[in-house]
>>> print(open('run-v1.txt').read())   # compact mmCIF, C-alpha atoms
# COMPACT_ATOMS: atom_id res chain seq x y z
CA ILE A 1 -2.50 -0.38 17.10
CA ALA A 2 -6.01 -1.68 17.61
CA VAL A 3 -8.93 -2.41 15.28
CA ASP A 4 -11.73 0.15 15.60
CA GLU A 5 -14.70 -1.99 16.71
CA SER A 6 -16.93 0.98 17.55
CA SER A 7 -20.50 1.24 16.28
CA GLU A 8 -19.58 4.51 14.53
CA GLN A 9 -16.92 2.75 12.46
CA THR A 10 -19.37 -0.05 11.67
CA ARG A 11 -21.88 2.50 10.40
CA ARG A 12 -19.22 4.15 8.22
CA ILE A 13 -18.28 0.80 6.67
CA ILE A 14 -21.90 -0.19 6.04
CA ASP A 15 -22.63 3.23 4.55
CA TYR A 16 -19.69 2.85 2.16
CA GLN A 17 -20.79 -0.66 1.18
CA ASN A 18 -24.34 0.58 0.52
CA ARG A 19 -23.16 3.54 -1.55
CA LYS A 20 -20.87 1.32 -3.60
CA ALA A 21 -23.60 -1.30 -4.17
CA SER A 22 -26.10 1.39 -5.20
CA GLY A 23 -23.71 2.86 -7.76
CA GLU A 24 -23.16 6.16 -5.95
CA ILE A 25 -19.40 5.54 -5.88
CA ASP A 26 -17.59 5.55 -9.20
CA HIS A 27 -15.21 2.57 -9.24
CA VAL A 28 -13.17 4.06 -12.09
CA LYS A 29 -12.58 7.29 -10.18
CA GLU A 30 -11.60 5.28 -7.11
CA GLU A 31 -8.90 3.53 -9.11
CA GLU A 32 -7.76 6.85 -10.59
CA HIS A 33 -7.37 8.30 -7.10
CA LYS A 34 -5.37 5.27 -5.97
CA ALA A 35 -3.08 5.60 -8.99
CA PHE A 36 -2.66 9.32 -8.31
CA ILE A 37 -1.57 8.63 -4.72
CA CYS A 38 0.86 5.95 -5.93
CA ASN A 39 2.41 8.46 -8.33
CA LEU A 40 2.75 10.99 -5.53
CA VAL A 41 4.65 8.43 -3.47
CA ARG A 42 6.92 7.65 -6.44
CA SER A 43 7.83 11.33 -6.67
CA LEU A 44 9.29 11.34 -3.15
CA GLU A 45 13.05 11.06 -2.70
CA ALA A 46 14.79 9.10 0.05
CA LEU A 47 16.37 12.05 1.84
CA GLU A 48 18.01 12.38 5.23
CA VAL A 49 15.95 14.28 7.78
CA VAL A 50 17.19 16.47 10.62
CA ASN A 51 14.77 17.22 13.43
CA PRO A 52 15.84 20.39 15.31
CA TYR A 53 12.99 19.84 17.79
CA ALA A 54 14.15 16.40 18.95
CA GLY A 55 14.53 16.47 22.72
CA LYS A 56 12.28 19.50 23.16
CA LEU A 57 9.07 17.47 23.48
CA ARG A 58 8.81 14.71 26.08
CA LEU A 59 6.30 11.89 25.81
CA PRO A 60 4.44 10.81 28.98
CA GLU A 61 6.97 9.08 31.22
CA ASP A 62 4.39 6.58 32.48
CA ALA A 63 4.02 5.06 29.00
CA HIS A 64 4.83 1.37 28.69
CA LYS A 65 8.07 0.71 26.79
CA ILE A 66 8.84 4.43 26.60
CA ARG A 67 12.11 3.80 24.71
CA ARG A 68 10.34 2.06 21.86
CA LEU A 69 7.55 4.65 21.82
CA HIS A 70 10.05 7.53 21.72
CA ASP A 71 11.94 5.98 18.81
CA LEU A 72 8.65 5.32 17.01
CA PHE A 73 7.56 8.93 17.47
CA LEU A 74 10.85 10.36 16.14
CA ASN A 75 10.64 8.12 13.08
CA PHE A 76 7.04 9.14 12.55
CA VAL A 77 8.08 12.81 12.56
CA LYS A 78 10.69 11.94 9.92
CA MET A 79 8.02 10.31 7.75
CA VAL A 80 5.78 13.37 8.00
CA THR A 81 8.73 15.57 7.02
CA LEU A 82 9.52 13.33 4.03
CA LEU A 83 5.93 13.55 2.83
CA HIS A 84 6.25 17.36 2.90
CA GLN A 85 9.73 17.40 1.35
CA TYR A 86 8.72 19.79 -1.45
CA GLN A 87 7.54 22.29 1.15
CA ARG A 88 10.52 21.90 3.50
CA ARG A 89 13.84 23.67 3.56
CA ARG A 90 17.24 21.99 3.58
CA ASP A 91 20.48 22.69 5.41
CA SER A 92 23.87 23.15 3.78
CA LYS A 93 24.30 19.36 3.54
CA GLY A 94 21.06 18.93 1.63
CA ARG A 95 19.22 17.37 4.57
CA LEU A 96 15.52 18.07 5.06
CA LEU A 97 14.69 20.14 8.13
CA THR A 98 11.65 19.20 10.17
CA ALA A 99 9.19 22.05 10.70
CA ILE A 100 7.19 22.46 13.91
CA SER A 101 4.04 21.67 11.89
CA ASP A 102 5.49 18.20 11.19
CA VAL A 103 5.83 17.55 14.92
CA GLU A 104 2.27 18.78 15.50
CA CYS A 105 0.96 16.57 12.69
CA ALA A 106 2.78 13.54 14.14
CA ILE A 107 1.24 14.18 17.57
CA THR A 108 -2.25 14.48 16.08
CA ILE A 109 -1.98 11.25 14.06
CA MET A 110 -0.17 9.26 16.76
CA PHE A 111 -2.22 10.52 19.70
CA ASP A 112 -4.36 7.38 20.09
CA SER A 113 -1.26 5.18 19.86
CA ILE A 114 0.45 7.25 22.56
CA VAL A 115 -2.61 6.89 24.78
CA LEU A 116 -2.59 3.12 24.23
CA LYS A 117 1.02 3.00 25.42
CA VAL A 118 0.07 4.83 28.63
CA ASP A 119 -3.18 2.94 29.20
CA GLU A 120 -2.92 -0.31 31.17
CA LEU A 121 -5.51 -1.92 28.89
CA ASP A 122 -4.72 -2.83 25.30
CA GLY A 123 -6.72 -1.35 22.44
CA SER A 124 -9.52 -3.89 22.00
CA LEU A 125 -9.86 -4.47 25.74
CA ARG A 126 -10.14 -0.72 26.35
CA GLN A 127 -12.86 -0.42 23.72
CA PHE A 128 -14.85 -3.20 25.36
CA PHE A 129 -14.43 -1.79 28.86
CA GLU A 130 -15.65 1.65 27.75
CA GLN A 131 -18.66 0.04 26.05
CA LEU A 132 -19.38 -1.93 29.23
CA LYS A 133 -19.22 1.18 31.41
CA GLU A 134 -21.45 3.13 29.02
CA TYR A 135 -24.01 0.32 28.95
CA LEU A 136 -24.18 0.12 32.75
CA ARG A 137 -24.41 3.90 33.12
CA ASP A 138 -27.32 4.00 30.67
CA LYS A 139 -29.09 1.13 32.42
CA TYR A 140 -28.57 2.11 36.08
CA GLY A 141 -28.26 5.89 35.87
CA THR A 142 -26.74 7.55 38.92
CA ASN A 143 -26.45 4.18 40.70
CA TYR A 144 -24.13 2.79 38.02
CA SER A 145 -21.31 2.22 40.52
CA GLN A 146 -23.40 -0.52 42.17
CA ALA A 147 -24.42 -2.12 38.88
CA GLU A 148 -24.25 -5.90 38.54
CA PHE A 149 -24.24 -7.84 35.31
CA THR A 150 -23.98 -11.34 33.86
CA LEU A 151 -21.96 -12.38 30.85
CA ARG A 152 -25.08 -13.47 28.98
CA GLU A 153 -26.59 -10.00 29.41
CA ILE A 154 -23.45 -8.27 28.16
CA ARG A 155 -22.94 -10.72 25.30
CA GLN A 156 -26.46 -10.12 23.99
CA SER A 157 -26.47 -6.38 24.60
CA LEU A 158 -23.07 -5.63 23.07
CA HIS A 159 -23.33 -8.32 20.36
CA LEU A 160 -20.12 -10.12 21.25
CA SER A 161 -19.16 -13.74 20.71
CA LYS A 162 -18.88 -16.01 23.75
CA THR A 163 -15.17 -16.61 23.14
CA GLN A 164 -14.39 -12.90 22.75
CA LEU A 165 -16.34 -11.92 25.87
CA PHE A 166 -14.71 -14.69 27.91
CA ARG A 167 -11.25 -13.40 26.99
CA TYR A 168 -12.16 -9.82 27.89
CA THR A 169 -13.64 -10.98 31.20
CA GLN A 170 -10.55 -13.01 32.09
CA ASP A 171 -8.24 -10.08 31.31
CA LEU A 172 -10.30 -7.52 33.24
CA THR A 173 -10.58 -9.87 36.22
CA SER A 174 -6.83 -10.53 36.32
CA LEU A 175 -6.18 -6.75 36.14
CA GLU A 176 -8.73 -6.22 38.98
CA TYR A 177 -11.11 -4.04 36.96
CA ILE A 178 -14.07 -6.38 37.54
CA TYR A 179 -14.81 -9.17 40.05
CA THR A 180 -17.42 -11.87 40.70
CA CYS A 181 -19.94 -10.94 43.38
CA GLY A 182 -22.37 -13.84 43.18
CA GLY A 183 -23.82 -16.70 41.17
CA HIS A 184 -22.23 -20.08 40.59
CA HIS A 185 -20.71 -22.11 37.80
CA ASN A 186 -23.88 -23.91 36.67
CA LYS A 187 -26.12 -20.84 36.31
CA GLY A 188 -23.45 -18.27 35.60
CA PHE A 189 -21.59 -15.74 37.72
CA ILE A 190 -22.61 -12.18 38.54
CA TYR A 191 -19.99 -9.45 38.07
CA LYS A 192 -19.39 -5.91 39.24
CA ILE A 193 -16.88 -3.29 38.16
CA SER A 194 -14.34 -2.67 40.92
CA TYR A 195 -12.38 0.10 39.20
CA TRP A 196 -14.26 2.82 37.31
CA ASP A 197 -11.23 4.50 35.81
CA ASN A 198 -11.44 7.89 34.09
CA TYR A 199 -10.28 7.11 30.55
CA GLN A 200 -11.38 10.46 29.13
CA GLY A 201 -9.47 12.17 31.93
CA LEU A 202 -6.37 10.16 30.98
CA ARG A 203 -6.71 11.22 27.34
CA GLU A 204 -7.13 14.85 28.32
CA ARG A 205 -4.11 14.72 30.64
CA ILE A 206 -1.92 13.35 27.85
CA ARG A 207 -3.33 15.84 25.34
CA THR A 208 -2.60 18.75 27.69
CA HIS A 209 0.88 17.40 28.44
CA LEU A 210 1.80 17.24 24.74
CA TYR A 211 0.14 20.39 23.44
CA ASN A 212 1.43 22.57 26.29
CA GLN A 213 4.95 21.57 25.31
CA LEU A 214 4.15 22.18 21.65
CA SER A 215 2.85 25.65 22.48
CA MET A 216 6.04 26.46 24.40
CA ILE A 217 8.17 25.33 21.46
CA LYS A 218 6.16 27.51 19.07
CA THR A 219 6.44 30.61 21.22
CA GLY A 220 9.97 30.15 22.50
CA THR A 221 11.90 28.54 19.64
CA PRO A 222 12.57 29.93 16.14
CA ASP A 223 11.07 27.78 13.39
CA MET A 224 14.53 27.14 11.93
CA GLU A 225 17.76 27.08 13.88
CA VAL A 226 20.20 26.61 11.04
CA GLY A 227 22.13 29.51 9.54
CA THR A 228 22.39 28.42 5.90
CA LEU A 229 19.39 26.62 4.43
CA ARG A 230 18.32 25.26 1.08
CA ASN A 231 14.82 25.16 -0.25
CA ALA A 232 13.39 22.04 -1.89
CA SER A 233 14.99 22.90 -5.22
CA GLY A 234 18.46 23.05 -3.64
CA THR A 235 18.91 26.83 -3.83
CA LEU A 236 20.83 28.35 -0.94
CA GLU A 237 18.87 30.71 1.32
CA PRO A 238 20.05 32.86 4.22
>>> encode(input="run-v1.txt", output="structure tokens")
Amino acid sequence: IAVDESSEQTRRIIDYQNRKASGEIDHVKEEEHKAFICNLVRSLEALEVVNPYAGKLRLPEDAHKIRRLHDLFLNFVKMVTLLHQYQRRRDSKGRLLTAISDVECAITIMFDSIVLKVDELDGSLRQFFEQLKEYLRDKYGTNYSQAEFTLREIRQSLHLSKTQLFRYTQDLTSLEYIYTCGGHHNKGFIYKISYWDNYQGLRERIRTHLYNQLSMIKTGTPDMEVGTLRNASGTLEP
């Protein structure tokens, strides 16, 4: 999990604050919606869930702490199934049966978390590194790979605190993503990026890996693999 520090998220927050301050958002209706969601949660039962698709979809093997991630994903699928319990069928023991749409929903919601587990950089560090690369590409154009920068320049351009930028710089240097190529301690060092990784390519590779498997499950596996089922009301169905 990582906090979304992007400019797009900042704009969404500011837009909401402006709309609320200007009276465009009805506070009473907001509270009514919150209460409605709370009541929906209260209507859910704590039921056992059976996932017939467990083991048919493999997460990227190069993910860090793959055991923990796999367990997290299976539990997330269970939660999605529980939220849809009034639309899901049950087996002869009254257990909820996960539908393929629950697995797909879990992949969609957890996708960024899965990418973070594969990525060598943590969430906030990755966001900064992508902002840094975008800034240098915009400034230097096709010669971006030879771009040099100082911490003062980046701090002022990306609106970061000195402490925050120093931590990011230390982490990226230790991971060999950037290095010092000049300057000195009194006047500040000059940096260059040594590893222009393809983050979007990584995301696309993981997306393809997951959705190809999902497509194979949809086309090659029946939606339910249990002979006697129950609907949400408990009625037996063939």
>>> closest_atom_pairs(input="run-v1.txt", of="segment 54-79 of chain A", to="segment 212-221 of chain A", cutoff="10 Å", atoms="all atoms listed in the file", output="Markdown table")
| residue | atom | partner | partner_atom | distance |
| --- | --- | --- | --- | --- |
| A:Lys56 | CA | A:Ile217 | CA | 7.3 |
| A:Leu57 | CA | A:Gln213 | CA | 6.1 |
| A:Arg58 | CA | A:Gln213 | CA | 7.9 |
| A:Leu59 | CA | A:Gln213 | CA | 9.8 |
>>> closest_atom_pairs(input="run-v1.txt", of="segment 2-102 of chain A", to="segment 147-164 of chain A", cutoff="12 Å", atoms="all atoms listed in the file", output="Markdown table")
| residue | atom | partner | partner_atom | distance |
| --- | --- | --- | --- | --- |
| A:Glu5 | CA | A:Leu160 | CA | 10.8 |
| A:Ser6 | CA | A:Leu158 | CA | 10.6 |
| A:Ser7 | CA | A:Leu158 | CA | 10.0 |
>>> closest_residue(input="run-v1.txt", among="A:Ile114, A:Ile206, A:Val3, A:Val50", to="Ile66 of chain A", atoms="only C-alpha atoms")
A:Ile114
>>> closest_residue(input="run-v1.txt", among="A:Ile13, A:Ala63, A:Ile190, A:Ala106", to="Asn75 of chain A", atoms="all atoms listed in the file")
A:Ala106
>>> residues_near_point(input="run-v1.txt", point="(10.8, 21.0, 9.8)", cutoff="6 Å", atoms="all atoms listed in the file", output="short mmCIF file (atom, residue, chain, number, x, y, z; two decimals) with C-alpha atoms, in the coordinates of the input")
data_model
loop_
_atom_site.label_atom_id
_atom_site.label_comp_id
_atom_site.auth_asym_id
_atom_site.auth_seq_id
_atom_site.Cartn_x
_atom_site.Cartn_y
_atom_site.Cartn_z
CA LEU A 97 14.69 20.14 8.13
CA THR A 98 11.65 19.20 10.17
CA ALA A 99 9.19 22.05 10.70
CA ILE A 100 7.19 22.46 13.91
#
>>> atom_distance(input="run-v1.txt", atom1="atom CA of Trp196 of chain A", atom2="atom CA of His64 of chain A")
21.0 Å
>>> residues_around(input="run-v1.txt", residues="Leu202 of chain A", least_positions_apart="6", cutoff="10 Å", atoms="only C-alpha atoms", output="ChimeraX atom specification")
/A:115,118-119,208
>>> residues_near_point(input="run-v1.txt", point="(0.8, 17.3, 11.3)", cutoff="12 Å", atoms="only C-alpha atoms", output="compact mmCIF listing (two decimals) with C-alpha atoms, keeping the file's coordinate frame")
# COMPACT_ATOMS: atom_id res chain seq x y z
CA PHE A 76 7.04 9.14 12.55
CA VAL A 77 8.08 12.81 12.56
CA LYS A 78 10.69 11.94 9.92
CA MET A 79 8.02 10.31 7.75
CA VAL A 80 5.78 13.37 8.00
CA THR A 81 8.73 15.57 7.02
CA LEU A 83 5.93 13.55 2.83
CA HIS A 84 6.25 17.36 2.90
CA THR A 98 11.65 19.20 10.17
CA ALA A 99 9.19 22.05 10.70
CA ILE A 100 7.19 22.46 13.91
CA SER A 101 4.04 21.67 11.89
CA ASP A 102 5.49 18.20 11.19
CA VAL A 103 5.83 17.55 14.92
CA GLU A 104 2.27 18.78 15.50
CA CYS A 105 0.96 16.57 12.69
CA ALA A 106 2.78 13.54 14.14
CA ILE A 107 1.24 14.18 17.57
CA THR A 108 -2.25 14.48 16.08
CA ILE A 109 -1.98 11.25 14.06
CA MET A 110 -0.17 9.26 16.76
CA PHE A 111 -2.22 10.52 19.70
CA LEU A 214 4.15 22.18 21.65
>>> closest_residue(input="run-v1.txt", among="A:Gly188, A:Gly141, A:Gly94, A:Pro60", to="Leu210 of chain A", atoms="all atoms listed in the file")
A:Pro60
>>> closest_residue(input="run-v1.txt", among="A:Leu121, A:Val41, A:Glu134, A:Asp197", to="Leu175 of chain A", atoms="only C-alpha atoms")
A:Leu121
>>> atom_distance(input="run-v1.txt", atom1="atom CA of Gln9 of chain A", atom2="atom CA of Arg126 of chain A")
15.8 Å
